[in-house]
file my_file.txt (compact mmCIF, C-alpha atoms and all ligand atoms)
# COMPACT_ATOMS: atom_id res chain seq x y z
CA MET L 1 32.73 21.12 -10.42
CA ASP L 2 32.77 24.45 -8.63
CA THR L 3 32.19 24.11 -4.87
CA GLN L 4 31.58 27.73 -3.85
CA PHE L 5 28.14 29.24 -4.36
CA GLU L 6 26.10 32.15 -3.13
CA VAL L 7 22.89 30.17 -2.54
CA ILE L 8 22.59 26.43 -1.99
CA ILE L 9 19.07 25.03 -2.24
CA ILE L 10 18.59 21.59 -0.71
CA GLY L 11 15.75 19.70 -2.40
CA ALA L 12 14.59 20.05 -6.02
CA GLY L 13 10.82 19.83 -5.56
CA PRO L 14 8.40 22.66 -6.37
CA ALA L 15 9.73 24.87 -3.53
CA GLY L 16 13.43 24.33 -4.32
CA LEU L 17 13.01 24.71 -8.08
CA THR L 18 11.05 27.94 -7.66
CA ALA L 19 13.70 29.26 -5.26
CA ALA L 20 16.26 28.44 -7.96
CA ILE L 21 14.37 30.53 -10.53
CA TYR L 22 14.18 33.55 -8.22
CA ALA L 23 17.75 33.34 -6.88
CA SER L 24 19.27 32.80 -10.35
CA ARG L 25 17.28 35.68 -11.83
CA ALA L 26 18.71 37.87 -9.04
CA ASN L 27 22.14 36.99 -10.49
CA MET L 28 23.13 34.68 -7.63
CA LYS L 29 25.37 31.71 -8.17
CA VAL L 30 23.02 28.87 -7.26
CA LEU L 31 23.46 25.16 -6.55
CA LEU L 32 20.49 22.81 -6.22
CA LEU L 33 21.11 19.56 -4.34
CA GLU L 34 18.78 16.58 -4.76
CA GLN L 35 18.98 13.05 -3.38
CA GLU L 36 16.40 11.38 -5.63
CA THR L 37 14.49 12.47 -8.73
CA PRO L 38 13.98 16.22 -9.29
CA GLY L 39 10.33 17.18 -8.95
CA GLY L 40 9.81 15.91 -5.40
CA LYS L 41 6.47 14.31 -4.59
CA LEU L 42 5.07 15.49 -7.92
CA VAL L 43 6.94 12.66 -9.61
CA LYS L 44 4.94 10.15 -7.55
CA THR L 45 1.61 11.89 -8.07
CA TYR L 46 -0.79 10.74 -10.76
CA LYS L 47 -2.73 13.93 -11.39
CA ILE L 48 -2.62 17.58 -10.27
CA GLU L 49 -5.78 19.64 -10.60
CA ASN L 50 -5.23 22.46 -8.13
CA TYR L 51 -2.17 24.33 -9.38
CA THR L 52 -3.36 27.69 -10.69
CA GLY L 53 -3.29 27.96 -14.46
CA VAL L 54 -2.87 24.22 -14.93
CA GLU L 55 -6.36 22.76 -14.86
CA SER L 56 -5.09 19.20 -15.06
CA SER L 57 -1.63 17.72 -15.51
CA SER L 58 0.14 14.48 -14.71
CA GLY L 59 2.56 14.90 -11.78
CA VAL L 60 5.49 13.83 -13.96
CA ASP L 61 4.71 16.39 -16.70
CA LEU L 62 4.46 19.21 -14.19
CA ALA L 63 7.68 18.05 -12.49
CA MET L 64 9.55 18.06 -15.83
CA SER L 65 8.34 21.52 -16.63
CA PHE L 66 9.34 22.75 -13.12
CA MET L 67 12.78 21.23 -13.52
CA ASN L 68 13.43 22.77 -16.94
CA HIS L 69 12.26 26.14 -15.65
CA GLY L 70 14.23 25.82 -12.38
CA LEU L 71 17.48 25.29 -14.26
CA ALA L 72 16.76 27.76 -17.09
CA PHE L 73 18.53 30.75 -15.55
CA GLY L 74 21.88 29.21 -14.70
CA ALA L 75 21.40 27.23 -11.48
CA LYS L 76 23.65 24.17 -11.27
CA MET L 77 22.51 20.81 -9.92
CA ASP L 78 24.24 17.99 -8.08
CA PHE L 79 23.03 14.77 -6.46
CA GLY L 80 23.49 13.26 -3.01
CA SER L 81 21.94 13.29 0.42
CA VAL L 82 22.87 16.19 2.71
CA VAL L 83 24.17 15.01 6.08
CA LYS L 84 25.35 18.30 7.60
CA VAL L 85 24.91 22.06 7.30
CA GLU L 86 27.33 24.00 9.50
CA ASN L 87 28.56 27.55 9.99
CA VAL L 88 32.17 28.27 9.14
CA GLY L 89 32.30 31.90 10.19
CA LYS L 90 29.59 33.61 8.11
CA ILE L 91 29.74 30.92 5.42
CA LYS L 92 27.63 27.72 5.40
CA LYS L 93 29.32 24.42 4.68
CA VAL L 94 27.07 21.68 3.27
CA THR L 95 28.29 18.07 3.40
CA LEU L 96 26.80 15.20 1.38
CA ASP L 97 26.77 11.48 2.21
CA ASN L 98 29.07 10.87 -0.77
CA GLY L 99 31.74 13.07 0.87
CA LYS L 100 31.25 16.12 -1.37
CA GLU L 101 31.39 19.51 0.35
CA PHE L 102 30.01 22.83 -0.90
CA THR L 103 29.92 26.31 0.60
CA ALA L 104 27.42 29.13 0.27
CA LYS L 105 26.46 32.46 1.80
CA ALA L 106 22.87 31.29 2.31
CA VAL L 107 21.09 27.94 2.36
CA ILE L 108 17.44 27.27 1.53
CA VAL L 109 16.13 23.97 2.89
CA ALA L 110 13.29 22.60 0.74
CA THR L 111 13.64 18.90 1.51
CA GLY L 112 9.94 18.12 1.90
CA THR L 113 8.70 15.08 3.76
CA LYS L 114 9.31 11.35 3.67
CA GLU L 115 6.51 8.76 3.72
CA ARG L 116 5.88 7.09 7.08
CA PRO L 117 6.64 3.38 6.81
CA LEU L 118 3.98 0.74 7.47
CA ASP L 119 4.41 -0.39 11.07
CA VAL L 120 3.79 -4.16 10.91
CA ALA L 121 6.23 -7.05 11.25
CA MET L 122 8.30 -7.80 8.11
CA ALA L 123 7.14 -4.63 6.29
CA ASP L 124 10.78 -3.79 5.50
CA ARG L 125 11.41 -7.20 3.97
CA PHE L 126 8.43 -6.91 1.62
CA THR L 127 8.90 -3.28 0.56
CA GLY L 128 9.18 -3.43 -3.22
CA ARG L 129 7.75 -6.99 -3.15
CA GLY L 130 4.10 -6.43 -2.32
CA ILE L 131 4.39 -3.22 -0.31
CA SER L 132 4.82 0.00 -2.27
CA TYR L 133 4.74 3.69 -1.38
CA CYS L 134 4.13 4.79 -4.98
CA ALA L 135 0.99 3.67 -6.81
CA VAL L 136 1.98 5.69 -9.87
CA CYS L 137 5.35 3.89 -10.09
CA ASP L 138 4.29 0.34 -9.16
CA GLY L 139 0.56 0.16 -9.91
CA ALA L 140 1.09 -1.73 -13.17
CA PHE L 141 2.55 -4.72 -11.25
CA TYR L 142 -0.92 -5.30 -9.80
CA ARG L 143 -2.92 -5.26 -13.04
CA ASP L 144 -6.27 -7.07 -12.56
CA LYS L 145 -5.42 -7.90 -8.94
CA VAL L 146 -6.74 -6.72 -5.58
CA VAL L 147 -4.78 -4.07 -3.68
CA THR L 148 -5.18 -2.45 -0.28
CA ILE L 149 -4.47 1.20 0.42
CA ILE L 150 -4.02 2.33 4.00
CA GLY L 151 -4.90 5.88 5.04
CA GLY L 152 -7.65 8.40 4.44
CA GLY L 153 -5.69 11.53 3.48
CA ASN L 154 -5.38 13.21 0.07
CA SER L 155 -2.44 11.01 -0.96
CA ALA L 156 -4.23 7.73 -0.15
CA LEU L 157 -7.43 8.69 -1.93
CA GLU L 158 -5.82 10.23 -5.01
CA GLU L 159 -3.63 7.19 -5.53
CA ALA L 160 -6.61 4.87 -4.89
CA LEU L 161 -8.51 6.63 -7.69
CA PHE L 162 -5.50 6.34 -9.98
CA ILE L 163 -4.95 2.64 -9.37
CA THR L 164 -8.60 1.70 -10.05
CA SER L 165 -7.79 2.05 -13.77
CA LEU L 166 -5.39 -0.90 -13.46
CA VAL L 167 -6.58 -3.27 -10.77
CA GLU L 168 -9.68 -5.37 -10.20
CA LYS L 169 -10.52 -3.97 -6.79
CA VAL L 170 -9.13 -1.49 -4.22
CA ASN L 171 -9.67 -1.76 -0.47
CA ILE L 172 -9.10 1.46 1.46
CA VAL L 173 -8.53 0.89 5.17
CA ILE L 174 -8.94 3.93 7.44
CA ARG L 175 -8.65 4.08 11.20
CA ARG L 176 -11.53 6.48 11.90
CA ASP L 177 -15.06 6.63 10.54
CA GLU L 178 -14.20 9.69 8.47
CA PHE L 179 -11.61 10.69 5.92
CA ARG L 180 -9.00 13.40 6.26
CA ALA L 181 -8.91 14.15 2.51
CA GLU L 182 -10.73 17.06 0.88
CA PRO L 183 -14.46 16.51 0.18
CA LYS L 184 -14.24 16.48 -3.64
CA ILE L 185 -11.82 13.52 -3.59
CA VAL L 186 -13.83 11.70 -0.89
CA GLU L 187 -16.94 12.06 -3.04
CA GLU L 188 -15.17 10.53 -6.05
CA VAL L 189 -13.88 7.63 -3.96
CA LEU L 190 -17.27 6.86 -2.45
CA LYS L 191 -18.96 6.64 -5.84
CA ASN L 192 -16.25 4.48 -7.44
CA GLU L 193 -17.55 0.92 -7.75
CA LYS L 194 -14.10 -0.62 -7.67
CA ILE L 195 -13.33 0.86 -4.24
CA ASN L 196 -14.34 -0.79 -0.98
CA VAL L 197 -13.82 1.41 2.11
CA ILE L 198 -13.20 -0.33 5.43
CA TYR L 199 -13.63 2.06 8.36
CA LYS L 200 -12.19 1.89 11.88
CA HIS L 201 -9.47 -0.65 11.18
CA LEU L 202 -5.70 -0.64 11.51
CA PRO L 203 -3.15 -2.87 9.75
CA GLU L 204 -2.15 -5.73 12.06
CA SER L 205 0.06 -8.21 10.18
CA LEU L 206 1.01 -9.39 6.71
CA ILE L 207 -0.41 -12.65 5.38
CA ILE L 208 2.42 -14.45 3.63
CA GLU L 209 2.34 -17.61 1.52
CA ASP L 210 5.37 -19.07 -0.32
CA ASN L 211 7.32 -15.93 0.58
CA ASN L 212 4.76 -13.65 -1.13
CA ILE L 213 2.22 -11.24 0.30
CA VAL L 214 -1.28 -12.62 -0.20
CA GLY L 215 -3.10 -10.37 2.24
CA LEU L 216 -3.21 -8.17 5.28
CA ASN L 217 -4.81 -8.85 8.64
CA ILE L 218 -6.63 -5.78 9.87
CA LYS L 219 -7.83 -5.08 13.40
CA HIS L 220 -11.01 -3.25 14.45
CA VAL L 221 -10.01 -0.24 16.57
CA ASP L 222 -12.89 -0.73 19.06
CA THR L 223 -13.45 -4.47 19.27
CA GLY L 224 -9.94 -5.71 18.46
CA GLU L 225 -11.42 -8.26 16.07
CA ILE L 226 -9.00 -9.38 13.36
CA THR L 227 -10.17 -9.73 9.75
CA PRO L 228 -8.03 -11.14 6.93
CA LEU L 229 -8.09 -9.01 3.79
CA MET L 230 -6.79 -10.96 0.79
CA CYS L 231 -4.77 -8.78 -1.63
CA SER L 232 -1.58 -8.88 -3.69
CA GLY L 233 -0.36 -5.37 -3.01
CA ILE L 234 -0.38 -2.99 -0.05
CA PHE L 235 0.06 0.78 -0.47
CA PRO L 236 0.49 2.64 2.84
CA TYR L 237 -0.26 6.38 2.68
CA ILE L 238 -0.28 7.10 6.39
CA GLY L 239 1.31 10.54 6.34
CA ALA L 240 4.84 11.75 6.19
CA ASP L 241 7.59 13.22 8.37
CA PRO L 242 9.87 16.17 7.58
CA ALA L 243 13.30 15.40 6.12
CA THR L 244 15.30 17.49 8.59
CA SER L 245 17.61 15.04 10.38
CA PHE L 246 20.70 17.00 9.21
CA LEU L 247 19.55 20.30 10.72
CA ASP L 248 20.20 21.94 14.10
CA LYS L 249 17.22 21.07 16.36
CA ALA L 250 17.11 24.75 17.43
CA ILE L 251 15.22 25.65 14.24
CA LEU L 252 12.75 22.72 14.35
CA ASN L 253 9.42 22.30 16.12
CA GLU L 254 8.60 19.23 18.22
CA ARG L 255 7.57 17.26 15.09
CA GLY L 256 10.75 18.15 13.21
CA TYR L 257 9.31 20.79 10.86
CA ILE L 258 11.36 23.97 10.30
CA ILE L 259 10.05 27.01 12.12
CA VAL L 260 10.13 30.01 9.79
CA LYS L 261 9.06 33.66 9.96
CA ALA L 262 6.87 35.16 7.21
CA ASP L 263 10.01 35.84 5.13
CA MET L 264 11.01 32.13 5.41
CA SER L 265 14.03 32.95 7.59
CA THR L 266 14.87 30.67 10.53
CA ALA L 267 16.45 31.32 13.91
CA ILE L 268 19.85 30.64 12.29
CA GLU L 269 21.02 33.56 10.14
CA GLY L 270 21.44 32.62 6.50
CA ILE L 271 19.29 29.47 6.69
CA PHE L 272 15.83 29.62 5.15
CA GLY L 273 13.06 27.02 4.81
CA ALA L 274 10.44 26.48 2.07
CA GLY L 275 7.76 23.99 1.05
CA ASP L 276 6.34 20.96 2.85
CA VAL L 277 9.29 20.86 5.28
CA ILE L 278 8.26 24.05 7.10
CA ASP L 279 5.80 24.26 9.97
CA LYS L 280 2.55 25.32 8.24
CA GLU L 281 -1.05 24.37 7.68
CA LEU L 282 -1.49 23.84 3.92
CA ARG L 283 0.96 21.57 2.08
CA GLN L 284 0.29 22.01 -1.64
CA VAL L 285 2.31 22.59 -4.80
CA VAL L 286 0.99 26.13 -4.98
CA THR L 287 2.06 26.98 -1.41
CA ALA L 288 5.45 25.31 -1.93
CA THR L 289 6.23 27.43 -5.00
CA SER L 290 5.17 30.56 -3.12
CA ASP L 291 7.43 29.66 -0.16
CA GLY L 292 10.32 29.05 -2.57
CA ALA L 293 9.96 32.50 -4.16
CA ILE L 294 9.80 34.22 -0.76
CA ALA L 295 12.77 32.24 0.60
CA ALA L 296 14.93 33.11 -2.42
CA ASN L 297 14.01 36.78 -2.21
CA SER L 298 14.92 36.81 1.51
CA ALA L 299 18.17 34.91 0.92
CA VAL L 300 19.20 37.43 -1.76
CA LYS L 301 18.43 40.34 0.60
CA TYR L 302 20.35 38.62 3.40
CA ILE L 303 23.42 38.19 1.16
CA LYS L 304 23.29 41.79 -0.08
CA ASN L 305 23.09 43.10 3.50
CA ASN L 306 25.70 40.84 5.07
CA PHE L 307 28.48 40.23 2.53
P1 LIG J 401 -2.21 12.98 5.87
O1 LIG J 401 -3.08 14.06 5.32
O2 LIG J 401 -1.48 13.22 7.15
O3 LIG J 401 -3.13 11.67 6.03
C1 LIG J 401 -2.62 10.50 6.61
C2 LIG J 401 -3.73 9.47 6.71
O4 LIG J 401 -3.16 8.27 7.28
C3 LIG J 401 -4.87 9.88 7.63
O5 LIG J 401 -6.06 9.31 7.17
C4 LIG J 401 -4.46 9.25 8.97
O6 LIG J 401 -5.56 8.94 9.79
C5 LIG J 401 -3.82 7.96 8.50
N1 LIG J 401 -2.83 7.42 9.43
C6 LIG J 401 -1.83 8.09 10.05
N2 LIG J 401 -1.08 7.25 10.79
C7 LIG J 401 -1.63 6.03 10.63
C8 LIG J 401 -1.31 4.74 11.12
N3 LIG J 401 -0.27 4.55 11.95
N4 LIG J 401 -2.07 3.69 10.75
C9 LIG J 401 -3.14 3.87 9.92
N5 LIG J 401 -3.49 5.06 9.41
C10 LIG J 401 -2.74 6.13 9.76
O7 LIG J 401 -1.07 12.53 4.82
P2 LIG J 401 -1.00 12.62 3.22
O8 LIG J 401 -2.26 12.16 2.59
O9 LIG J 401 0.27 11.95 2.85
O10 LIG J 401 -0.86 14.18 2.92
C11 LIG J 401 0.25 14.92 3.45
C12 LIG J 401 0.03 16.42 3.15
O11 LIG J 401 0.11 16.64 1.72
C13 LIG J 401 -1.35 16.89 3.59
O12 LIG J 401 -1.21 18.21 4.04
C14 LIG J 401 -2.16 16.82 2.30
O13 LIG J 401 -3.25 17.72 2.27
C15 LIG J 401 -1.10 17.20 1.26
N6 LIG J 401 -1.47 16.60 -0.05
C16 LIG J 401 -2.26 17.35 -0.87
C17 LIG J 401 -2.65 16.84 -2.09
C18 LIG J 401 -3.55 17.68 -2.97
O14 LIG J 401 -4.06 18.69 -2.53
N7 LIG J 401 -3.80 17.31 -4.21
C19 LIG J 401 -2.26 15.57 -2.48
C20 LIG J 401 -1.47 14.80 -1.61
C21 LIG J 401 -1.09 15.35 -0.38
P3 LIG J 401 -6.27 10.10 10.69
O15 LIG J 401 -7.03 10.96 9.72
O16 LIG J 401 -7.13 9.31 11.59
O17 LIG J 401 -5.16 10.83 11.39

call {"tool": "encode", "arguments": {"input": "my_file.txt", "output": "structure tokens", "more": "lines below"}}
Ligand code: NAP
result
Amino acid sequence: MDTQFEVIIIGAGPAGLTAAIYASRANMKVLLLEQETPGGKLVKTYKIENYTGVESSSGVDLAMSFMNHGLAFGAKMDFGSVVKVENVGKIKKVTLDNGKEFTAKAVIVATGTKERPLDVAMADRFTGRGISYCAVCDGAFYRDKVVTIIGGGNSALEEALFITSLVEKVNIVIRRDEFRAEPKIVEEVLKNEKINVIYKHLPESLIIEDNNIVGLNIKHVDTGEITPLMCSGIFPYIGADPATSFLDKAILNERGYIIVKADMSTAIEGIFGAGDVIDKELRQVVTATSDGAIAANSAVKYIKNNF
């Protein structure tokens, strides 16, 4: 495969795939790099109802359509996890964990965020065996059982609503006495008879029997009282952190998000950011696609002016 490109886009979610459309249509030679499944978080999302022009779609359907569109104008795609982006003169060299190296005149980072892991003892050991970060992927394993979702943001509540169609009962454990999610979703959750909301509690420890998860001990944030919550599956949705470990800290804020100007450029010439990975207020599919278009347009301008 060719290793020299004009634009390398890291991350094939809504931002990266949109950047690929715009850069390819500007006649750039484009490479998209992805470490998992193209589509980003969309692939793990049950339903999307707030992307303009698409009143309702499954996350997977929208992801497929984004991917087909993203590659329709000639962008190439390869797989692997990026471990380094460095300057070699004016050129950027991008190194993957599988040893592959590519070069480009500009790089757009659209790597999104990674789910925060559940912070209780043995959570690692039981991930994939009772603890899951994807209700859409693993929900069917808990058919007619009781599951517990942790977190009160949009992700937690949307996935709670999805999983009610499969399971007997859903506990949602939140650490405050109010949700972070948008009101329409909160309203739906509160009127769903299969959902039991437990306020002001944090996960404390797993309850294990015969090497299987049978519950979760939760702790009251004020009184410290511990309550056992019997359930077969635990779905933590406690936020996410930016996937930027391979980037120069000079372009990141204190939480690791990429600091960009309005044109999506960063403090390093030729590196642009787009999507959930940038420092911004509203993380949505619609804002990610917009960032991707702007980043590609700026990368094309940068290349035309500097090479
Ligand atoms: P989020 O909005 O940051 O919510 C995280 C939730 O987990 C909050 O309820 C938070 O509690 C709780 N939490 C954080 N750390 C915790 C801990 N250690 N233990 C227990 N609970 C903890 O994360 P998200 O739901 O993954 O969403 C991420 C971004 O994507 C947001 O900007 C969201 O709006 C966006 N998103 C949008 C949609 C949509 O519009 N359809 C869907 C999914 C995600 P506190 O509230 O007390 O901090």

call {"tool": "closest_residue", "arguments": {"input": "my_file.txt", "among": "L:Thr227, L:Ser205, L:Asn50, L:Ser81", "to": "ligand LIG 401 (chain J)", "atoms": "all atoms listed in the file"}}
result
L:Asn50

call {"tool": "closest_residue", "arguments": {"input": "my_file.txt", "among": "L:Glu34, L:Glu168, L:Asp2, L:Glu115", "to": "ligand LIG 401 (chain J)", "atoms": "only C-alpha atoms and all ligand atoms"}}
result
L:Glu115

call {"tool": "residues_near_ligand", "arguments": {"input": "my_file.txt", "ligand": "ligand LIG 401 (chain J)", "cutoff": "6 Å", "atoms": "only C-alpha atoms and all ligand atoms", "output": "list of chain:residue names"}}
result
L:Gly151, L:Gly152, L:Gly153, L:Asn154, L:Ser155, L:Ala156, L:Ile174, L:Arg175, L:Arg176, L:Phe179, L:Arg180, L:Leu202, L:Tyr237, L:Ile238, L:Gly239, L:Ala240, L:Leu282, L:Arg283, L:Gln284

call {"tool": "closest_atom_pairs", "arguments": {"input": "my_file.txt", "of": "stretch 93-122 of chain L", "to": "stretch 271-277 of chain L", "cutoff": "12 Å", "atoms": "only C-alpha atoms", "output": "CSV"}}
result
residue,atom,partner,partner_atom,distance
L:Lys93,CA,L:Ile271,CA,11.4
L:Val94,CA,L:Ile271,CA,11.5
L:Ala104,CA,L:Ile271,CA,10.4
L:Lys105,CA,L:Ile271,CA,9.2
L:Ala106,CA,L:Ile271,CA,5.9
L:Val107,CA,L:Ile271,CA,4.9
L:Ile108,CA,L:Phe272,CA,4.6
L:Val109,CA,L:Gly273,CA,4.7
L:Ala110,CA,L:Ala274,CA,5.0
L:Thr111,CA,L:Val277,CA,6.1
L:Gly112,CA,L:Val277,CA,4.4
L:Thr113,CA,L:Val277,CA,6.0
L:Lys114,CA,L:Val277,CA,9.6

call {"tool": "residues_around", "arguments": {"input": "my_file.txt", "residues": "L:Asp177", "least_positions_apart": "6", "cutoff": "12 Å", "atoms": "all atoms listed in the file", "output": "list in words"}}
result
Gly151, Gly152, Val197, Ile198, Tyr199, Lys200, His201, Leu202, His220, Val221 and Asp222 of chain L

call {"tool": "atom_distance", "arguments": {"input": "my_file.txt", "atom1": "atom CA of L:Lys29", "atom2": "atom CA of L:Asn98"}}
result
22.4 Å

call {"tool": "atom_distance", "arguments": {"input": "my_file.txt", "atom1": "atom CA of L:Gly80", "atom2": "atom CA of L:Lys100"}}
result
8.4 Å

call {"tool": "atom_distance", "arguments": {"input": "my_file.txt", "atom1": "atom CA of L:Leu161", "atom2": "atom CA of L:Lys194"}}
result
9.2 Å

call {"tool": "closest_residue", "arguments": {"input": "my_file.txt", "among": "L:Val285, L:Ala250, L:Ala181, L:Ala299", "to": "L:Leu17", "atoms": "only C-alpha atoms"}}
result
L:Val285

call {"tool": "closest_residue", "arguments": {"input": "my_file.txt", "among": "L:Asn297, L:Gln35, L:Thr127, L:Ser65", "to": "L:Met264", "atoms": "all atoms listed in the file"}}
result
L:Asn297

call {"tool": "closest_residue", "arguments": {"input": "my_file.txt", "among": "L:Phe235, L:Tyr302, L:Tyr257, L:Phe102", "to": "L:Ile131", "atoms": "only C-alpha atoms"}}
result
L:Phe235

call {"tool": "closest_residue", "arguments": {"input": "my_file.txt", "among": "L:Glu158, L:Glu6, L:Asp124, L:Asp144", "to": "L:Glu49", "atoms": "all atoms listed in the file"}}
result
L:Glu158

call {"tool": "residues_around", "arguments": {"input": "my_file.txt", "residues": "L:Asn212", "least_positions_apart": "2", "cutoff": "9 Å", "atoms": "all atoms listed in the file", "output": "list in words"}}
result
Phe126, Arg129, Gly130, Ile207, Ile208, Glu209, Asp210, Val214 and Ser232 of chain L
